[in-house]
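**Student:** What follows is the file my_file-v6.cif, containing mmCIF, C-alpha atoms:
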data_coords
loop_
_atom_site.group_PDB
_atom_site.id
_atom_site.type_symbol
_atom_site.label_atom_id
_atom_site.label_comp_id
_atom_site.auth_asym_id
_atom_site.auth_seq_id
_atom_site.Cartn_x
_atom_site.Cartn_y
_atom_site.Cartn_z
ATOM 1 C CA MET S 1 0.000 0.000 0.000
ATOM 2 C CA SER S 2 3.032 2.281 -0.208
ATOM 3 C CA ASP S 3 3.002 2.438 -4.031
ATOM 4 C CA PRO S 4 1.640 5.883 -5.004
ATOM 5 C CA THR S 5 0.216 4.566 -8.290
ATOM 6 C CA LEU S 6 -1.874 2.032 -6.346
ATOM 7 C CA LEU S 7 -3.111 4.708 -3.954
ATOM 8 C CA ILE S 8 -3.963 7.020 -6.886
ATOM 9 C CA LEU S 9 -5.912 4.206 -8.551
ATOM 10 C CA MET S 10 -7.761 3.221 -5.396
ATOM 11 C CA TYR S 11 -8.560 6.590 -3.863
ATOM 12 C CA PHE S 12 -8.638 8.982 -6.802
ATOM 13 C CA VAL S 13 -9.234 7.285 -10.156
ATOM 14 C CA ILE S 14 -11.964 4.837 -9.096
ATOM 15 C CA PRO S 15 -13.930 7.378 -6.979
ATOM 16 C CA VAL S 16 -13.795 10.009 -9.758
ATOM 17 C CA TRP S 17 -14.971 7.406 -12.288
ATOM 18 C CA LEU S 18 -17.882 6.423 -10.042
ATOM 19 C CA LEU S 19 -18.809 10.060 -9.417
ATOM 20 C CA ALA S 20 -18.715 10.847 -13.155
ATOM 21 C CA GLY S 21 -21.032 7.886 -13.809
ATOM 22 C CA VAL S 22 -23.561 9.188 -11.278
ATOM 23 C CA VAL S 23 -23.459 12.700 -12.762
ATOM 24 C CA ASP S 24 -23.901 11.245 -16.262
ATOM 25 C CA TRP S 25 -26.987 9.333 -15.116
ATOM 26 C CA PHE S 26 -28.467 12.566 -13.713
ATOM 27 C CA CYS S 27 -27.775 14.279 -17.046
ATOM 28 C CA HIS S 28 -29.636 11.494 -18.842
ATOM 29 C CA ARG S 29 -32.562 11.737 -16.456
ATOM 30 C CA ARG S 30 -32.712 15.513 -16.896
ATOM 31 C CA SER S 31 -32.795 15.145 -20.688
ATOM 32 C CA ASN S 32 -35.702 12.664 -20.413
ATOM 33 C CA ILE S 33 -33.682 9.924 -22.071
ATOM 34 C CA ALA S 34 -36.539 7.424 -21.671
ATOM 35 C CA LYS S 35 -38.696 9.339 -24.148
ATOM 36 C CA THR S 36 -35.997 10.774 -26.405
ATOM 37 C CA SER S 37 -33.273 8.271 -27.257
ATOM 38 C CA GLY S 38 -34.840 5.535 -25.142
ATOM 39 C CA ALA S 39 -33.760 2.055 -24.207
ATOM 40 C CA LYS S 40 -31.293 1.777 -27.100
ATOM 41 C CA GLU S 41 -29.059 4.485 -25.656
ATOM 42 C CA SER S 42 -29.466 3.034 -22.169
ATOM 43 C CA PHE S 43 -28.405 -0.362 -23.512
ATOM 44 C CA ILE S 44 -25.278 1.275 -24.948
ATOM 45 C CA HIS S 45 -24.570 2.747 -21.492
ATOM 46 C CA LEU S 46 -24.862 -0.699 -19.909
ATOM 47 C CA LEU S 47 -22.521 -2.064 -22.556
ATOM 48 C CA MET S 48 -19.942 0.634 -21.756
ATOM 49 C CA PHE S 49 -20.348 -0.079 -18.036
ATOM 50 C CA ALA S 50 -19.475 -3.732 -18.725
ATOM 51 C CA GLU S 51 -16.527 -2.738 -20.919
ATOM 52 C CA VAL S 52 -14.904 -0.876 -18.021
ATOM 53 C CA GLY S 53 -16.386 -3.019 -15.254
ATOM 54 C CA VAL S 54 -14.794 -6.270 -16.393
ATOM 55 C CA PRO S 55 -11.226 -4.881 -16.301
ATOM 56 C CA LEU S 56 -11.988 -3.189 -12.974
ATOM 57 C CA ILE S 57 -13.071 -6.465 -11.377
ATOM 58 C CA LEU S 58 -10.125 -8.336 -12.895
ATOM 59 C CA VAL S 59 -7.623 -5.796 -11.571
ATOM 60 C CA LEU S 60 -9.248 -5.678 -8.143
ATOM 61 C CA LEU S 61 -9.276 -9.451 -7.642
ATOM 62 C CA PHE S 62 -6.492 -11.003 -9.715
ATOM 63 C CA GLU S 63 -2.739 -10.629 -10.126
ATOM 64 C CA VAL S 64 -2.187 -8.302 -13.051
ATOM 65 C CA ASN S 65 -0.335 -10.059 -15.854
ATOM 66 C CA GLY S 66 -0.257 -10.111 -19.647
ATOM 67 C CA LEU S 67 -3.751 -11.590 -19.887
ATOM 68 C CA ILE S 68 -5.382 -8.926 -17.724
ATOM 69 C CA ILE S 69 -3.469 -6.133 -19.456
ATOM 70 C CA ALA S 70 -4.439 -7.477 -22.905
ATOM 71 C CA ILE S 71 -8.115 -7.798 -21.883
ATOM 72 C CA SER S 72 -8.018 -4.282 -20.415
ATOM 73 C CA ILE S 73 -6.482 -2.796 -23.578
ATOM 74 C CA LEU S 74 -8.968 -4.598 -25.816
ATOM 75 C CA LEU S 75 -11.951 -3.536 -23.704
ATOM 76 C CA PHE S 76 -10.658 0.049 -23.501
ATOM 77 C CA ILE S 77 -10.536 0.225 -27.318
ATOM 78 C CA LEU S 78 -13.987 -1.348 -27.507
ATOM 79 C CA HIS S 79 -15.235 1.149 -24.886
ATOM 80 C CA GLU S 80 -13.974 4.047 -26.993
ATOM 81 C CA LEU S 81 -15.711 2.715 -30.094
ATOM 82 C CA THR S 82 -18.911 2.183 -28.105
ATOM 83 C CA ALA S 83 -18.632 5.716 -26.684
ATOM 84 C CA LEU S 84 -18.435 7.068 -30.235
ATOM 85 C CA TRP S 85 -21.530 5.051 -31.154
ATOM 86 C CA ASP S 86 -23.272 6.321 -28.000
ATOM 87 C CA VAL S 87 -22.663 9.992 -28.668
ATOM 88 C CA SER S 88 -23.451 9.653 -32.382
ATOM 89 C CA TYR S 89 -26.785 8.062 -31.533
ATOM 90 C CA ALA S 90 -27.598 10.372 -28.610
ATOM 91 C CA VAL S 91 -27.062 13.641 -30.484
ATOM 92 C CA SER S 92 -29.406 12.436 -33.229
ATOM 93 C CA LYS S 93 -32.209 11.922 -30.682
ATOM 94 C CA ARG S 94 -31.756 14.457 -27.880
ATOM 95 C CA ARG S 95 -29.808 17.470 -26.716
ATOM 96 C CA VAL S 96 -26.491 16.534 -25.144
ATOM 97 C CA GLY S 97 -25.605 19.631 -23.160
ATOM 98 C CA PRO S 98 -22.180 20.969 -22.221
ATOM 99 C CA VAL S 99 -22.196 19.472 -18.710
ATOM 100 C CA GLU S 100 -22.965 16.010 -20.077
ATOM 101 C CA GLN S 101 -20.315 16.417 -22.777
ATOM 102 C CA HIS S 102 -17.764 17.363 -20.131
ATOM 103 C CA VAL S 103 -18.752 14.369 -17.981
ATOM 104 C CA HIS S 104 -18.296 12.145 -21.048
ATOM 105 C CA SER S 105 -14.702 13.338 -21.327
ATOM 106 C CA PHE S 106 -14.106 12.081 -17.782
ATOM 107 C CA LEU S 107 -15.827 8.773 -18.537
ATOM 108 C CA GLU S 108 -13.576 8.293 -21.562
ATOM 109 C CA MET S 109 -10.272 9.400 -20.065
ATOM 110 C CA ILE S 110 -10.536 7.856 -16.587
ATOM 111 C CA PRO S 111 -10.344 4.293 -17.972
ATOM 112 C CA LEU S 112 -7.294 5.370 -19.998
ATOM 113 C CA LEU S 113 -5.684 6.888 -16.903
ATOM 114 C CA ALA S 114 -6.388 3.692 -14.957
ATOM 115 C CA LEU S 115 -4.966 1.563 -17.756
ATOM 116 C CA VAL S 116 -1.791 3.653 -17.983
ATOM 117 C CA LEU S 117 -1.258 3.468 -14.214
ATOM 118 C CA ILE S 118 -1.833 -0.298 -14.228
ATOM 119 C CA ILE S 119 0.616 -0.738 -17.095
ATOM 120 C CA ALA S 120 3.173 1.422 -15.265
ATOM 121 C CA ARG S 121 2.814 -0.785 -12.166
ATOM 122 C CA HIS S 122 3.199 -3.960 -14.226
ATOM 123 C CA TRP S 123 5.568 -2.892 -17.001
ATOM 124 C CA PRO S 124 7.259 -6.285 -17.582
ATOM 125 C CA HIS S 125 3.858 -7.928 -18.135
ATOM 126 C CA PHE S 126 2.901 -5.191 -20.598
ATOM 127 C CA THR S 127 6.139 -5.427 -22.562
ATOM 128 C CA SER S 128 5.858 -9.223 -22.633
ATOM 129 C CA LEU S 129 2.876 -8.758 -24.945
ATOM 130 C CA PHE S 130 5.036 -6.977 -27.548
ATOM 131 C CA SER S 131 8.605 -8.167 -27.100
ATOM 132 C CA ALA S 132 10.190 -11.439 -28.185
ATOM 133 C CA ASN S 133 12.268 -11.398 -24.981
ATOM 134 C CA GLY S 134 9.146 -11.418 -22.802
ATOM 135 C CA PHE S 135 7.334 -14.231 -24.549
ATOM 136 C CA PRO S 136 5.365 -16.090 -23.659
ATOM 137 C CA PRO S 137 3.363 -13.569 -21.654
ATOM 138 C CA GLU S 138 1.683 -14.844 -18.517
ATOM 139 C CA LEU S 139 -1.905 -15.648 -19.485
ATOM 140 C CA THR S 140 -3.461 -17.029 -16.313
ATOM 141 C CA LEU S 141 -6.049 -15.857 -13.819
ATOM 142 C CA THR S 142 -4.572 -16.037 -10.335
ATOM 143 C CA LEU S 143 -6.137 -14.432 -7.279
ATOM 144 C CA LYS S 144 -3.970 -11.704 -5.756
ATOM 145 C CA ASP S 145 -1.287 -12.966 -3.365
ATOM 146 C CA ALA S 146 -1.793 -9.814 -1.308
ATOM 147 C CA PRO S 147 -5.477 -8.981 -1.802
ATOM 148 C CA LEU S 148 -6.771 -5.466 -1.502
ATOM 149 C CA PRO S 149 -8.509 -4.751 1.805
ATOM 150 C CA THR S 150 -11.862 -6.547 1.953
ATOM 151 C CA THR S 151 -13.616 -3.379 3.132
ATOM 152 C CA TYR S 152 -12.282 -1.487 0.127
ATOM 153 C CA LEU S 153 -13.346 -4.236 -2.318
ATOM 154 C CA PHE S 154 -16.866 -4.467 -0.895
ATOM 155 C CA THR S 155 -17.207 -0.675 -0.846
ATOM 156 C CA VAL S 156 -16.157 -0.274 -4.480
ATOM 157 C CA LEU S 157 -18.355 -3.137 -5.652
ATOM 158 C CA PHE S 158 -21.320 -1.945 -3.584
ATOM 159 C CA VAL S 159 -21.006 1.637 -4.853
ATOM 160 C CA ALA S 160 -20.577 0.439 -8.465
ATOM 161 C CA ILE S 161 -23.707 -1.690 -8.203
ATOM 162 C CA ALA S 162 -25.829 0.752 -6.173
ATOM 163 C CA LEU S 163 -24.844 4.013 -7.875
ATOM 164 C CA GLU S 164 -23.946 2.819 -11.375
ATOM 165 C CA LEU S 165 -25.459 -0.496 -12.412
ATOM 166 C CA ILE S 166 -28.868 -0.155 -10.729
ATOM 167 C CA PRO S 167 -29.483 3.428 -11.958
ATOM 168 C CA TYR S 168 -28.488 2.478 -15.518
ATOM 169 C CA LEU S 169 -30.728 -0.603 -15.387
ATOM 170 C CA GLU S 170 -33.535 1.644 -14.116
ATOM 171 C CA GLU S 171 -32.844 4.005 -17.031
ATOM 172 C CA PHE S 172 -33.057 1.074 -19.460
ATOM 173 C CA ILE S 173 -36.357 -0.128 -17.955
ATOM 174 C CA ARG S 174 -37.791 3.408 -18.127
ATOM 175 C CA GLY S 175 -36.857 3.471 -21.811
ATOM 176 C CA LEU S 176 -38.564 0.139 -22.469
ATOM 177 C CA ARG S 177 -41.703 1.308 -20.643
ATOM 178 C CA ALA S 178 -41.774 4.605 -22.552
ATOM 179 C CA LYS S 179 -41.458 2.734 -25.857
ATOM 180 C CA LYS S 180 -44.263 0.362 -24.871
ATOM 181 C CA ALA S 181 -46.488 3.288 -23.827
ATOM 182 C CA ALA S 182 -45.790 5.094 -27.107
ATOM 183 C CA THR S 183 -46.575 1.936 -29.096
ATOM 184 C CA LEU S 184 -49.866 1.447 -27.224
ATOM 185 C CA SER S 185 -50.742 5.097 -27.730
ATOM 186 C CA GLU S 186 -50.142 4.749 -31.476
ATOM 187 C CA GLN S 187 -52.282 1.622 -31.640
ATOM 188 C CA PHE S 188 -55.191 3.391 -29.935
ATOM 189 C CA LYS S 189 -54.987 6.266 -32.438
ATOM 190 C CA HIS S 190 -55.639 3.896 -35.319
#
How does the structure come out when it is put into structure tokens?

**Tutor:**
Amino acid sequence: MSDPTLLILMYFVIPVWLLAGVVDWFCHRRSNIAKTSGAKESFIHLLMFAEVGVPLILVLLFEVNGLIIAISILLFILHELTALWDVSYAVSKRRVGPVEQHVHSFLEMIPLLALVLIIARHWPHFTSLFSANGFPPELTLTLKDAPLPTTYLFTVLFVAIALELIPYLEEFIRGLRAKKAATLSEQFKH
């Protein structure tokens, strides 16, 4: 726990990411996402949550090695592509204001910051993915020898579920209900 990069990850990067996710959800709610861009955009948000959530869980629970770094890089790239899809879709259906745009910049760059710090902490595993001298890279899932404090793990997972996953699922359900109500309304008009 004396490594500053670990402390930055644990007590700065992860809390800022969680806070940005909460603010983004409030922006969506304020823009009436359920009736504008609907469940499709909310599904994209859940997809992006998974794309950063999987590496987060892997890094929290397992020894970081070539496999976890490779998965994290791949999912970061996928997250960026999904974020581009998200914004492209959202702006065609609703107003994405300056606050939400600014929050999106945090939600895009925080995973990159986390990835860079993780790579810095585990440089030999990162270079093993690209250097003939480091091959074969370690590609196993092994629980951490020195696990993070249990209280910290439960707190992060609880906050991620309670303040991120559940609100985004609620947003998705609101979108489905709004679509169903609009469909029923259309049917009654005819």

**Student:** Name the residues that the PyMOL selection byres ((chain S and resi 42) around 9) pulls out of this structure, and write them as an MDAnalysis selection string.

**Tutor:** chainID S and resid 33:34 37:41 43:47 168:169 171:173 175

**Student:** Keeping C-alpha atoms, export the residues of the selection given above as a compact mmCIF listing (two decimals), in the frame of the given file.

**Tutor:**
# COMPACT_ATOMS: atom_id res chain seq x y z
CA ILE S 33 -33.68 9.92 -22.07
CA ALA S 34 -36.54 7.42 -21.67
CA SER S 37 -33.27 8.27 -27.26
CA GLY S 38 -34.84 5.54 -25.14
CA ALA S 39 -33.76 2.06 -24.21
CA LYS S 40 -31.29 1.78 -27.10
CA GLU S 41 -29.06 4.49 -25.66
CA PHE S 43 -28.40 -0.36 -23.51
CA ILE S 44 -25.28 1.27 -24.95
CA HIS S 45 -24.57 2.75 -21.49
CA LEU S 46 -24.86 -0.70 -19.91
CA LEU S 47 -22.52 -2.06 -22.56
CA TYR S 168 -28.49 2.48 -15.52
CA LEU S 169 -30.73 -0.60 -15.39
CA GLU S 171 -32.84 4.00 -17.03
CA PHE S 172 -33.06 1.07 -19.46
CA ILE S 173 -36.36 -0.13 -17.95
CA GLY S 175 -36.86 3.47 -21.81

**Student:** In Å, how far is it from CA of Leu75 (chain S) to CA of Ala114 (chain S)?

**Tutor:**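 A separation of 12.6 Å between them.
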
**Student:** Mind listing as a PyMOL selection string all residues within 12 Å of (-0.5, 2.9, -16.1), counting all atoms listed in the file?

**Tutor:** chain S and resi 4-6+8-9+13+64+69+72-73+110-123+125-126

**Student:** Which one of S:Thr36, S:Ser88, S:Asn65, S:Ile77 sits closest to Lys179 (chain S) if you count only C-alpha atoms?

**Tutor:**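 For Lys179 (chain S), the nearest of the candidates is S:Thr36.
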
**Student:** Can you tell me which residues surround region 18-25 of chain S at a distance of at most 8 Å, considering all atoms listed in the file, apart from same-chain residues fewer than 4 positions away, and format the answer as a list in words?

**Tutor:**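 Here the answer would be Ile14, Arg29, Glu100, Val103, His104, Phe106, Leu107, Val159, Ala160, Leu163, Glu164, Pro167 and Tyr168 of chain S.
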
**Student:** Given all atoms listed in the file as the basis, pick out the residue of S:His102, S:His79, S:Lys93, S:Lys144 nearest to Cys27 (chain S).

**Tutor:**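 For Cys27 (chain S), the nearest of the candidates is S:His102.
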
**Student:** When distances are computed from only C-alpha atoms, which of S:Leu60, S:Phe135, S:Glu80, S:Phe49 shows the smallest separation from Thr155 (chain S)?

**Tutor:**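 Among S:Leu60, S:Phe135, S:Glu80, S:Phe49, it is S:Leu60 that comes nearest to Thr155 (chain S).
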
**Student:** What gap, in Å, lies between CA of Pro15 (chain S) and CA of Val52 (chain S)?

**Tutor:** 13.8 Å

**Student:** Please determine, counting only C-alpha atoms, which residue among S:Val156, S:Val87, S:Ile57, S:Ala70 has the shortest atom-to-atom distance to Leu143 (chain S).

**Tutor:**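 The closest residue to Leu143 (chain S) is S:Ile57.
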
**Student:** What is the CA of Thr151 (chain S) to CA of Asp3 (chain S) distance in Å?

**Tutor:** 19.0 Å

**Student:** For a quick check of understanding, using all atoms listed in the file, which of S:Arg95, S:Leu176, S:Ala90, S:Phe62 has the smallest distance to Leu141 (chain S)?

**Tutor:**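 That would be S:Phe62, the residue with the smallest distance to Leu141 (chain S).
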